[in-house]
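Chemist: The structure under discussion is supplied below as structure tokens; questions concerning it will follow.
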Amino acid sequence: MKVLLLKDPKEDDCGQDPYIRELGLYGLEATLIPVLSFEFLSLPSFSEKLSHPEGYGGLIFTSPRAVEAVELCLEKDNKTEAWKKSLKEKWNAKPAYVVGSATASLVRKIGLETEGEKCGNAEKLAEYICSRESPSLPLLFPCGTLKGEILPKMLKDQGIPMESITVYQKIPHPGIQGNLKSYFSKQGVPASITFFSPSGLTYSLQHIQELAGDSIRQIQFAAIGPTTARALAAQGLPVSCTAELPTPGALATGIRKALHAHSCC
């Protein structure tokens, strides 16, 4: 049974995308199609902030792209040595809060210990942070232009200072239409399509509707988390599955259950 995931392929240590592997364990043939590209912003300003860990109480990462912005700052400003010698150690004396295993893995690759990985979404991470932090130095939050307001509001309501800096913006992947057209012409209509962000939904939905036609009713739509599920529902699409956690295993389990329930109807 074929399933389509609208995300970038990312190989893990085993040389395979973990989503393809996990879905394959259930006999599902997954294909990945990227629907987003990213432009990085304000890197000089962000680099300056990274050079002064003494001014912050810790870091918050809610997306892999924010961690990539750190890597770019270190590369472009020749700060890799300074990071290894002192900055990394100084930041490691403070918490680095993260959402999701993919983001946590990237944070660990730059040498930082992580907290909150299993929270699953920004709201639960905010609850976790509020349970551990007391008002002191601000937490540094590199984010995208479309960041949600739940986490900042919850921290503000609890009097926990936070300084956000926009370090990337999402733009449509240039190959969306061509890649989707190629997939539908060769593979047919998939049993399930998973969206990984509201932006990805916005940039790809019209193409999917045109390519699937009336067969769109056969597709089980899945979301990586509650924010994306709400975006799907707002478009009038039935959400068959929302992953309990933003992980390959949780998504694979959810899709399998949704497809099994559908086949039993």
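Convention: chains lettered A, B, ... in structure tokens order; per-chain residue numbering from 1; ligands numbered from 1 as shown.
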List the spatial neighbours of Ala69 of chain A as a ChimeraX atom specification - criterion: any atom at most 10 Å away, only C-alpha atoms, same-chain residues fewer than 6 positions off excluded.
Modeler: /A:39-43,46-47,75,142-143,167-168
Chemist: Segment 198-215 of chain A: which residues within 12 Å, counting only C-alpha atoms, same-chain residues fewer than 5 positions away excluded, as JSON, numbers by chain?
Modeler: {"A": [4, 5, 6, 7, 8, 33, 34, 35, 36, 37, 38, 144, 145, 146, 147, 148, 169, 170, 171, 172, 173, 174, 175, 176, 177, 178, 179, 180, 181, 182, 183, 184, 185, 186, 187, 188, 189, 190, 191, 192, 193, 220, 221, 222, 223, 224, 225, 226, 227, 228, 229, 230, 231, 232, 233, 234, 235, 236, 237]}
Chemist: For segment 104-111 of chain A, list every protein, DNA or RNA residue within 12 Å, evaluated using only C-alpha atoms, and leave out those in the same chain fewer than 5 positions away; present the list as a CSV table (one decimal) with all heavy atoms, in the first residue's frame.
Modeler:
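Below is the file that was written, around06.csv:
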```
chain,number,residue,atom,x,y,z
A,10,LYS,N,15.4,12.7,4.8
A,10,LYS,CA,16.6,12.9,5.8
A,10,LYS,C,17.1,11.6,6.2
A,10,LYS,O,16.4,10.8,6.9
A,10,LYS,CB,16.1,13.7,7.0
A,10,LYS,CG,15.8,15.2,6.7
A,10,LYS,CD,16.9,16.1,7.1
A,10,LYS,CE,16.7,17.5,6.6
A,10,LYS,NZ,15.5,18.1,7.0
A,12,ASP,N,19.2,8.9,8.3
A,12,ASP,CA,19.8,8.8,9.6
A,12,ASP,C,21.1,8.1,9.6
A,12,ASP,O,21.7,7.9,8.5
A,12,ASP,CB,18.8,8.2,10.6
A,12,ASP,CG,18.4,6.7,10.2
A,12,ASP,OD1,19.1,6.2,9.2
A,12,ASP,OD2,17.5,6.2,10.7
A,13,ASP,N,21.5,7.6,10.8
A,13,ASP,CA,22.8,7.0,10.9
A,13,ASP,C,22.9,5.7,10.1
A,13,ASP,O,23.9,5.1,9.7
A,13,ASP,CB,23.2,6.7,12.3
A,13,ASP,CG,23.4,8.0,13.1
A,13,ASP,OD1,23.7,9.0,12.5
A,13,ASP,OD2,23.3,8.0,14.3
A,59,LEU,N,18.3,28.1,25.7
A,59,LEU,CA,17.8,28.2,24.3
A,59,LEU,C,16.5,27.4,24.1
A,59,LEU,O,16.3,26.4,24.9
A,59,LEU,CB,18.9,27.5,23.4
A,59,LEU,CG,20.2,28.3,23.2
A,59,LEU,CD1,21.3,27.4,22.8
A,59,LEU,CD2,20.0,29.4,22.1
A,60,ILE,N,15.7,27.8,23.1
A,60,ILE,CA,14.5,27.0,22.8
A,60,ILE,C,14.6,26.8,21.3
A,60,ILE,O,14.8,27.7,20.5
A,60,ILE,CB,13.2,27.8,23.0
A,60,ILE,CG1,13.1,28.2,24.5
A,60,ILE,CG2,12.0,27.0,22.6
A,60,ILE,CD1,11.9,29.1,24.8
A,61,PHE,N,14.5,25.5,20.9
A,61,PHE,CA,14.5,25.1,19.5
A,61,PHE,C,13.2,24.3,19.2
A,61,PHE,O,13.0,23.2,19.8
A,61,PHE,CB,15.7,24.2,19.1
A,61,PHE,CG,17.0,24.9,19.2
A,61,PHE,CD1,17.9,24.6,20.3
A,61,PHE,CD2,17.4,25.8,18.2
A,61,PHE,CE1,19.1,25.2,20.4
A,61,PHE,CE2,18.7,26.4,18.3
A,61,PHE,CZ,19.5,26.1,19.4
A,62,THR,N,12.4,24.8,18.3
A,62,THR,CA,11.1,24.1,18.0
A,62,THR,C,11.1,23.6,16.5
A,62,THR,O,10.1,23.1,16.1
A,62,THR,CB,9.9,25.0,18.2
A,62,THR,OG1,10.0,26.2,17.4
A,62,THR,CG2,9.8,25.4,19.7
A,63,SER,N,12.3,23.7,15.8
A,63,SER,CA,12.3,23.2,14.4
A,63,SER,C,13.8,22.9,14.1
A,63,SER,O,14.7,23.6,14.6
A,63,SER,CB,11.8,24.2,13.5
A,63,SER,OG,12.7,25.3,13.3
A,64,PRO,N,14.0,21.9,13.2
A,64,PRO,CA,15.4,21.7,12.7
A,64,PRO,C,16.0,22.9,12.1
A,64,PRO,O,17.2,23.1,12.2
A,64,PRO,CB,15.2,20.5,11.7
A,64,PRO,CG,13.9,19.9,12.1
A,64,PRO,CD,13.0,21.0,12.7
A,65,ARG,N,15.2,23.7,11.4
A,65,ARG,CA,15.7,24.9,10.7
A,65,ARG,C,16.4,25.9,11.6
A,65,ARG,O,17.4,26.5,11.3
A,65,ARG,CB,14.6,25.6,9.9
A,65,ARG,CG,14.9,25.7,8.4
A,65,ARG,CD,15.1,24.4,7.7
A,65,ARG,NE,14.0,23.5,7.9
A,65,ARG,CZ,14.0,22.2,7.5
A,65,ARG,NH1,15.1,21.7,6.9
A,65,ARG,NH2,13.0,21.5,7.7
A,66,ALA,N,15.9,26.0,12.8
A,66,ALA,CA,16.5,26.9,13.8
A,66,ALA,C,17.9,26.4,14.2
A,66,ALA,O,18.8,27.2,14.4
A,66,ALA,CB,15.6,27.0,15.0
A,67,VAL,N,18.1,25.1,14.3
A,67,VAL,CA,19.4,24.5,14.6
A,67,VAL,C,20.3,24.7,13.4
A,67,VAL,O,21.5,25.0,13.6
A,67,VAL,CB,19.3,23.0,15.0
A,67,VAL,CG1,20.6,22.6,15.6
A,67,VAL,CG2,18.1,22.8,15.9
A,68,GLU,N,19.8,24.6,12.2
A,68,GLU,CA,20.6,24.8,11.0
A,68,GLU,C,21.1,26.2,11.0
A,68,GLU,O,22.2,26.5,10.5
A,68,GLU,CB,19.8,24.5,9.7
A,68,GLU,CG,19.6,23.0,9.5
A,68,GLU,CD,18.7,22.7,8.3
A,68,GLU,OE1,18.6,23.6,7.4
A,68,GLU,OE2,18.1,21.7,8.3
A,69,ALA,N,20.3,27.2,11.5
A,69,ALA,CA,20.7,28.6,11.5
A,69,ALA,C,21.9,28.7,12.4
A,69,ALA,O,22.9,29.5,12.1
A,69,ALA,CB,19.6,29.5,12.0
A,70,VAL,N,22.0,28.0,13.5
A,70,VAL,CA,23.2,28.0,14.4
A,70,VAL,C,24.4,27.5,13.7
A,70,VAL,O,25.4,28.1,13.7
A,70,VAL,CB,22.9,27.1,15.7
A,70,VAL,CG1,24.2,27.0,16.5
A,70,VAL,CG2,21.8,27.6,16.5
A,71,GLU,N,24.2,26.4,12.9
A,71,GLU,CA,25.3,25.8,12.2
A,71,GLU,C,25.9,26.8,11.1
A,71,GLU,O,27.1,27.0,11.0
A,71,GLU,CB,24.9,24.5,11.5
A,71,GLU,CG,24.6,23.4,12.5
A,71,GLU,CD,24.0,22.2,11.7
A,71,GLU,OE1,23.3,22.4,10.7
A,71,GLU,OE2,24.3,21.1,12.2
A,72,LEU,N,24.9,27.5,10.5
A,72,LEU,CA,25.3,28.5,9.5
A,72,LEU,C,26.1,29.7,10.1
A,72,LEU,O,27.1,30.2,9.6
A,72,LEU,CB,24.1,29.1,8.7
A,72,LEU,CG,23.5,28.1,7.7
A,72,LEU,CD1,22.2,28.7,7.2
A,72,LEU,CD2,24.4,27.9,6.5
A,73,CYS,N,25.6,30.1,11.3
A,73,CYS,CA,26.3,31.2,12.0
A,73,CYS,C,27.8,30.8,12.3
A,73,CYS,O,28.7,31.6,12.2
A,73,CYS,CB,25.6,31.6,13.3
A,73,CYS,SG,24.1,32.5,13.0
A,74,LEU,N,27.9,29.6,12.8
A,74,LEU,CA,29.3,29.1,13.2
A,74,LEU,C,30.2,29.0,11.9
A,74,LEU,O,31.4,29.3,12.0
A,74,LEU,CB,29.2,27.7,13.9
A,74,LEU,CG,28.4,27.7,15.2
A,74,LEU,CD1,28.4,26.3,15.7
A,74,LEU,CD2,28.9,28.7,16.2
A,75,GLU,N,29.6,28.5,10.8
A,75,GLU,CA,30.4,28.4,9.6
A,75,GLU,C,30.8,29.7,9.0
A,75,GLU,O,31.9,30.0,8.6
A,75,GLU,CB,29.6,27.6,8.6
A,75,GLU,CG,29.5,26.1,8.9
A,75,GLU,CD,28.5,25.4,8.0
A,75,GLU,OE1,28.1,26.0,7.0
A,75,GLU,OE2,28.1,24.3,8.3
A,80,THR,N,33.5,28.3,14.6
A,80,THR,CA,33.5,26.9,15.0
A,80,THR,C,34.5,26.6,16.1
A,80,THR,O,34.2,25.9,17.0
A,80,THR,CB,33.9,26.0,13.7
A,80,THR,OG1,32.9,26.3,12.7
A,80,THR,CG2,33.8,24.5,14.1
A,83,TRP,N,33.3,28.1,19.3
A,83,TRP,CA,32.2,27.2,19.8
A,83,TRP,C,32.8,26.0,20.6
A,83,TRP,O,32.4,25.7,21.7
A,83,TRP,CB,31.3,26.8,18.7
A,83,TRP,CG,30.2,25.9,19.1
A,83,TRP,CD1,30.1,24.6,19.0
A,83,TRP,CD2,28.9,26.3,19.6
A,83,TRP,NE1,28.9,24.1,19.4
A,83,TRP,CE2,28.2,25.2,19.8
A,83,TRP,CE3,28.4,27.6,19.9
A,83,TRP,CZ2,26.9,25.2,20.3
A,83,TRP,CZ3,27.1,27.7,20.4
A,83,TRP,CH2,26.4,26.5,20.6
A,84,LYS,N,33.7,25.3,19.9
A,84,LYS,CA,34.3,24.1,20.5
A,84,LYS,C,35.1,24.5,21.8
A,84,LYS,O,35.0,23.7,22.8
A,84,LYS,CB,35.3,23.4,19.5
A,84,LYS,CG,34.5,22.8,18.4
A,84,LYS,CD,35.6,22.2,17.4
A,84,LYS,CE,34.9,21.5,16.2
A,84,LYS,NZ,35.9,21.0,15.2
A,85,LYS,N,35.8,25.6,21.8
A,85,LYS,CA,36.7,25.9,23.0
A,85,LYS,C,35.9,26.4,24.2
A,85,LYS,O,36.3,26.1,25.3
A,85,LYS,CB,37.7,26.9,22.5
A,85,LYS,CG,38.8,26.4,21.6
A,85,LYS,CD,39.8,27.5,21.3
A,85,LYS,CE,40.9,26.9,20.4
A,85,LYS,NZ,41.9,27.9,20.0
A,86,SER,N,34.9,27.2,24.0
A,86,SER,CA,34.3,27.8,25.1
A,86,SER,C,32.7,28.0,25.0
A,86,SER,O,32.0,27.8,26.0
A,86,SER,CB,34.9,29.2,25.4
A,86,SER,OG,34.7,30.1,24.3
A,87,LEU,N,32.3,28.5,23.9
A,87,LEU,CA,30.8,28.8,23.7
A,87,LEU,C,29.9,27.6,24.0
A,87,LEU,O,28.9,27.7,24.7
A,87,LEU,CB,30.5,29.4,22.4
A,87,LEU,CG,31.1,30.8,22.1
A,87,LEU,CD1,30.8,31.2,20.7
A,87,LEU,CD2,30.5,31.8,23.1
A,88,LYS,N,30.3,26.5,23.4
A,88,LYS,CA,29.5,25.3,23.6
A,88,LYS,C,29.4,24.9,25.1
A,88,LYS,O,28.3,24.6,25.6
A,88,LYS,CB,30.1,24.1,22.8
A,88,LYS,CG,29.3,22.8,23.0
A,88,LYS,CD,29.9,21.7,22.1
A,88,LYS,CE,31.2,21.2,22.7
A,88,LYS,NZ,31.8,20.1,21.9
A,89,GLU,N,30.5,25.0,25.8
A,89,GLU,CA,30.5,24.6,27.2
A,89,GLU,C,29.6,25.6,28.0
A,89,GLU,O,28.8,25.2,28.9
A,89,GLU,CB,31.9,24.7,27.8
A,89,GLU,CG,32.0,24.2,29.2
A,89,GLU,CD,33.4,24.3,29.7
A,89,GLU,OE1,34.4,24.4,28.9
A,89,GLU,OE2,33.6,24.1,30.9
A,90,LYS,N,29.7,26.9,27.7
A,90,LYS,CA,28.9,27.9,28.4
A,90,LYS,C,27.4,27.7,28.1
A,90,LYS,O,26.6,27.9,29.0
A,90,LYS,CB,29.3,29.3,27.9
A,90,LYS,CG,30.7,29.7,28.5
A,90,LYS,CD,31.2,31.1,28.0
A,90,LYS,CE,32.6,31.4,28.5
A,90,LYS,NZ,33.1,32.7,27.9
A,91,TRP,N,27.0,27.4,26.9
A,91,TRP,CA,25.6,27.2,26.6
A,91,TRP,C,25.2,25.9,27.2
A,91,TRP,O,24.0,25.8,27.6
A,91,TRP,CB,25.4,27.1,25.1
A,91,TRP,CG,25.3,28.4,24.4
A,91,TRP,CD1,26.1,29.0,23.5
A,91,TRP,CD2,24.2,29.4,24.6
A,91,TRP,NE1,25.7,30.3,23.1
A,91,TRP,CE2,24.5,30.5,23.8
A,91,TRP,CE3,23.0,29.4,25.3
A,91,TRP,CZ2,23.7,31.6,23.7
A,91,TRP,CZ3,22.2,30.5,25.3
A,91,TRP,CH2,22.5,31.6,24.5
A,92,ASN,N,26.1,24.9,27.3
A,92,ASN,CA,25.7,23.6,28.0
A,92,ASN,C,25.4,23.7,29.4
A,92,ASN,O,24.8,22.8,30.1
A,92,ASN,CB,26.7,22.6,27.7
A,92,ASN,CG,26.3,21.5,26.7
A,92,ASN,OD1,25.1,21.3,26.5
A,92,ASN,ND2,27.2,20.9,26.0
A,93,ALA,N,25.9,24.8,30.0
A,93,ALA,CA,25.6,25.1,31.4
A,93,ALA,C,24.1,25.6,31.6
A,93,ALA,O,23.6,25.7,32.7
A,93,ALA,CB,26.5,26.1,32.0
A,95,PRO,N,19.9,25.2,30.0
A,95,PRO,CA,19.0,24.3,29.2
A,95,PRO,C,18.9,24.6,27.8
A,95,PRO,O,18.8,25.8,27.4
A,95,PRO,CB,17.7,24.4,30.0
A,95,PRO,CG,17.7,25.7,30.6
A,95,PRO,CD,19.2,26.0,30.9
A,96,ALA,N,18.8,23.6,27.0
A,96,ALA,CA,18.4,23.7,25.5
A,96,ALA,C,17.1,23.0,25.4
A,96,ALA,O,17.1,21.7,25.3
A,96,ALA,CB,19.5,23.2,24.6
A,97,TYR,N,16.0,23.7,25.4
A,97,TYR,CA,14.7,23.0,25.3
A,97,TYR,C,14.3,22.8,23.8
A,97,TYR,O,14.5,23.6,22.9
A,97,TYR,CB,13.6,24.0,25.9
A,97,TYR,CG,13.8,24.2,27.3
A,97,TYR,CD1,14.2,25.5,27.8
A,97,TYR,CD2,13.5,23.2,28.3
A,97,TYR,CE1,14.4,25.7,29.1
A,97,TYR,CE2,13.7,23.5,29.6
A,97,TYR,CZ,14.1,24.7,30.1
A,97,TYR,OH,14.3,25.0,31.4
A,98,VAL,N,13.8,21.6,23.5
A,98,VAL,CA,13.5,21.2,22.1
A,98,VAL,C,12.2,20.5,22.0
A,98,VAL,O,11.6,20.0,23.0
A,98,VAL,CB,14.6,20.2,21.6
A,98,VAL,CG1,16.0,20.9,21.6
A,98,VAL,CG2,14.6,18.9,22.3
A,99,VAL,N,11.6,20.6,20.8
A,99,VAL,CA,10.4,19.8,20.4
A,99,VAL,C,10.8,18.8,19.4
A,99,VAL,O,11.4,19.1,18.4
A,99,VAL,CB,9.3,20.7,19.8
A,99,VAL,CG1,8.2,19.9,19.2
A,99,VAL,CG2,8.7,21.7,20.9
A,116,GLY,N,13.2,18.2,27.2
A,116,GLY,CA,11.8,18.4,26.7
A,116,GLY,C,11.5,17.7,25.4
A,116,GLY,O,10.5,17.9,24.8
A,117,GLU,N,12.4,16.9,24.9
A,117,GLU,CA,12.3,16.3,23.6
A,117,GLU,C,11.0,15.6,23.4
A,117,GLU,O,10.4,15.6,22.3
A,117,GLU,CB,13.5,15.3,23.4
A,117,GLU,CG,13.4,14.5,22.1
A,117,GLU,CD,14.6,13.5,22.0
A,117,GLU,OE1,15.5,13.7,22.7
A,117,GLU,OE2,14.5,12.6,21.2
A,118,LYS,N,10.5,14.9,24.5
A,118,LYS,CA,9.3,14.1,24.4
A,118,LYS,C,8.0,14.8,24.6
A,118,LYS,O,6.9,14.3,24.6
A,118,LYS,CB,9.4,12.9,25.4
A,118,LYS,CG,10.5,12.0,25.0
A,118,LYS,CD,10.6,10.8,26.0
A,118,LYS,CE,11.7,9.8,25.7
A,118,LYS,NZ,11.8,8.7,26.6
A,119,CYS,N,8.1,16.2,24.7
A,119,CYS,CA,6.9,16.9,24.9
A,119,CYS,C,5.9,16.9,23.7
A,119,CYS,O,4.7,16.9,23.8
A,119,CYS,CB,7.2,18.4,25.2
A,119,CYS,SG,8.0,18.6,26.8
A,120,GLY,N,6.5,16.8,22.5
A,120,GLY,CA,5.7,16.5,21.3
A,120,GLY,C,5.2,17.8,20.6
A,120,GLY,O,5.1,17.7,19.3
A,246,PRO,N,5.6,13.8,17.3
A,246,PRO,CA,6.1,14.0,16.0
A,246,PRO,C,7.3,13.2,15.7
A,246,PRO,O,8.5,13.6,15.5
A,246,PRO,CB,6.5,15.5,16.1
A,246,PRO,CG,6.8,15.7,17.5
A,246,PRO,CD,5.9,14.8,18.3
A,247,THR,N,7.1,11.8,15.7
A,247,THR,CA,8.2,10.9,15.5
A,247,THR,C,7.8,9.9,14.4
A,247,THR,O,6.6,9.6,14.2
A,247,THR,CB,8.5,10.1,16.8
A,247,THR,OG1,7.4,9.3,17.1
A,247,THR,CG2,8.9,11.0,17.9
```
Chemist: From the list A:Glu48, A:Glu11, A:Asp77, A:Glu22, which residue is nearest Ile165 of chain A when using only C-alpha atoms?
Modeler: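 Closest to Ile165 of chain A of all the choices is A:Glu48.
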Chemist: To one decimal in Å, tell me the separation between atom CA of Glu149 of chain A and atom CA of Gly249 of chain A.
Modeler: 27.6 Å
